[in-house]
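Q: The structure is given below, and queries will be raised subsequently.
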Amino acid sequence: MTHQEWIITVDDEHVQGIDEVVDALEAVGFRASGVLRSLGQVTGETTSTQQDDESLRQALAAVAGVASVDAARRYRVAPSDSD
Amino acid sequence: MARYVVTFDTADPGVLQADAPDLLVSHGFSADTYFSQLGIGVVDAEPEQLESFSSRCREQRRPMTFTPELTYYAISDSPAAAGAAEPTYRDTSELSWGLQAIGISSAMERGHCAEGVRVAILDTGVDLAHPDFASRGVTAESFVANEGPQDAHGHGTHCLGTACGPWQSGSGPGYGVAPQAEVYAAKVLGDNGTGSDSSILAGIDWALQNGCQVISMSLGADVRQVHPPYVAAGRRALERGSLIVAAAGNNAQRSAGNPGFVGAPANSPHVLAVAAVGQHLSTADFSARSSSQDGGEVNVTAPGVEVHSSWPGDERYRSISGTSMAAPHVAGIAALISGATGSRGEALWRTVVGHAVPLMHEDPEDVGAGLAKLPEPHSW
């Protein structure tokens, strides 16, 4: 079982109806951890047993109102030479 | 005849590698200076020739644009510039060198201190007990699981101090650009200094909900690719009147011949990327250069070497270096300008970049429009 964290960006037309987009995402196995109403984005994760991440990504991307689906990245404080 | 840069606007490798140079040659242009990975060539031509070439390319569904080639000069080599050497700044007992370099005296003279402006610092949190902030009514929130907003790392307290700390400090020089701004500290990086998109975007969303005019992010990942969530986030923030400022990144090692590149999220088109200069106003060894991505350019530069600011715990103050230290200088400048003029969003972006002072001895790829500065006293 693998967990994958995703950032879902909702298109401009669906930002007002973001809760419906979240419901539709959850219907295909997405677990929302945050609904960012000002940004029109949803954070959350999927767990896969057989499906690979790419087919999961495509299933999420096919949901009406989804503009993009991106695997979450890690960031750090921009390190410095004297840090 | 003049020299023009022609750009074939496609990602199709077949077009870039074969069709485009064939088109150039079959229309009488040279393909000697054609870069097939980029789809960009440089040709000698009259503008009318290129107009008609452009229409033919369009007819063949191989869209092409052209612009006159710009020439960049190493101005530091000329005698005129040699006499106009930039000053060297030093911390004094009154002011950090960074505040002097951005022209803080103009804000002091005019009494502009960012009153009523909300600034969000997305970082490792804040030392809420720090004597310079204890009475400021800092609003702090953690977006990191199982960690409160208290800063156990130090980086967040330092960046927050540069953007919003005091002009006069009980001990040591004044070091904060926008001393009356309302501070919103979002902990989006954990005590180990790392964090995920989920936390960072949640922090941006929180800043927008709270009406913050300026969002400062001294964080990054050393990747060239633009990360789509920040394209949408930057655009939506600007539309809501909020300017996101980010550190360009510290992946250069110029002394070893590596100029680095602007990483994510500073490389997003609607995020203002800030590089770093040292006390001589020359680009810091670690400061990343513009990348070729759309939006990956450095927009301005700011003080980022040996920057004195607040630090958690008994130490209280520390001097450290990084583009992380430069970005909050610019966030503070944006806050002061917004407070004085009411400017927000895109307009605030243009004003901040428009007041940057070109650095004659530096390449625009490294410093963008130049050193971020406050307006002259008579002009705000």
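Letters for chains follow the order of the structure tokens (A, B, ...), residue numbers begin at 1 for each chain, and ligand numbers begin at 1 in the order shown.
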Using only C-alpha atoms, I'd like a table of the residues in chain A that come within 10 Å of chain B; for each, show the closest atom pair and its distance in Å rounded to one decimal, ordered by chain and ascending number, as a tab-separated table.

A:
residue	atom	partner	partner_atom	distance
A:Glu5	CA	B:Ser198	CA	8.2
A:Trp6	CA	B:Ser198	CA	8.0
A:Ile7	CA	B:Pro229	CA	6.9
A:Ile8	CA	B:Pro229	CA	7.8
A:Thr9	CA	B:Pro229	CA	6.5
A:Val10	CA	B:Ala232	CA	9.2
A:Asp11	CA	B:Ala232	CA	9.1
A:Asp12	CA	B:Arg236	CA	9.4
A:Ser33	CA	B:Ser198	CA	8.5
A:Gly34	CA	B:Ala202	CA	7.3
A:Val35	CA	B:Ala202	CA	8.4
A:Leu36	CA	B:Asp205	CA	5.8
A:Arg37	CA	B:Asp205	CA	7.2
A:Ser38	CA	B:Asp205	CA	5.5
A:Leu39	CA	B:Asp205	CA	5.7
A:Gly40	CA	B:Ala233	CA	8.2
A:Gln41	CA	B:Pro229	CA	8.1
A:Val42	CA	B:Ser198	CA	8.5
A:Thr43	CA	B:Ser198	CA	5.7
A:Gly44	CA	B:Ser198	CA	7.8
A:Ala67	CA	B:Ala232	CA	9.5
A:Ser68	CA	B:Pro228	CA	7.5
A:Val69	CA	B:Pro229	CA	8.4
A:Asp70	CA	B:Pro229	CA	7.3
A:Ala71	CA	B:Asp197	CA	9.0
A:Ala72	CA	B:Asp197	CA	5.4
A:Arg73	CA	B:Ser196	CA	5.7
A:Arg74	CA	B:Ser196	CA	4.4
A:Tyr75	CA	B:Ala221	CA	5.1
A:Arg76	CA	B:Thr194	CA	4.1
A:Val77	CA	B:Leu219	CA	4.4
A:Ala78	CA	B:Leu219	CA	4.9
A:Pro79	CA	B:Asn250	CA	6.7
A:Ser80	CA	B:Gly322	CA	4.8
A:Asp81	CA	B:Ser321	CA	6.7
A:Ser82	CA	B:Ile320	CA	5.9
A:Asp83	CA	B:Ile320	CA	6.4

Q: Taking only region 254-338 of chain B into account, list the residues labelled alpha helix (DSSP H) by DSSP (computed from the backbone), as a PyMOL selection string.

A: chain B and resi 323-338

Q: Taking the DSSP assignment computed from this structure's backbone, write out as a PyMOL selection string all residues of region 9-205 of chain B that belong to strand (DSSP E).

A: chain B and resi 34-35+40-45+64-68+118-123+139-142+182-187+194-196

Q: Return the single residue from B:Val223, B:Ala129, B:Leu95, B:Val262 that is closest to Val177 (chain B), with distances computed using only C-alpha atoms.

A: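 Distance minimum relative to Val177 (chain B) lands on B:Leu95.
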
Q: Kindly give the distance, in Å, that separates CA of Tyr34 (chain B) and CA of Leu50 (chain B), rounded to a single decimal.

A: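 Interatomic distance, CA of Tyr34 (chain B) to CA of Leu50 (chain B): 15.5 Å.
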
Q: Counting only C-alpha atoms, which of B:Leu243, B:Gly332, B:Leu281, B:Thr10 gets nearest to Pro166 (chain B)?

A: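 That would be B:Gly332, the residue with the smallest distance to Pro166 (chain B).
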
Q: At a cut-off of 12 Å, using only C-alpha atoms, what residues contact region 62-70 of chain B? Leave out same-chain residues fewer than 3 positions from it and give the result as a ChimeraX atom specification.

A: /B:1-12,14-16,18-24,39-59,73
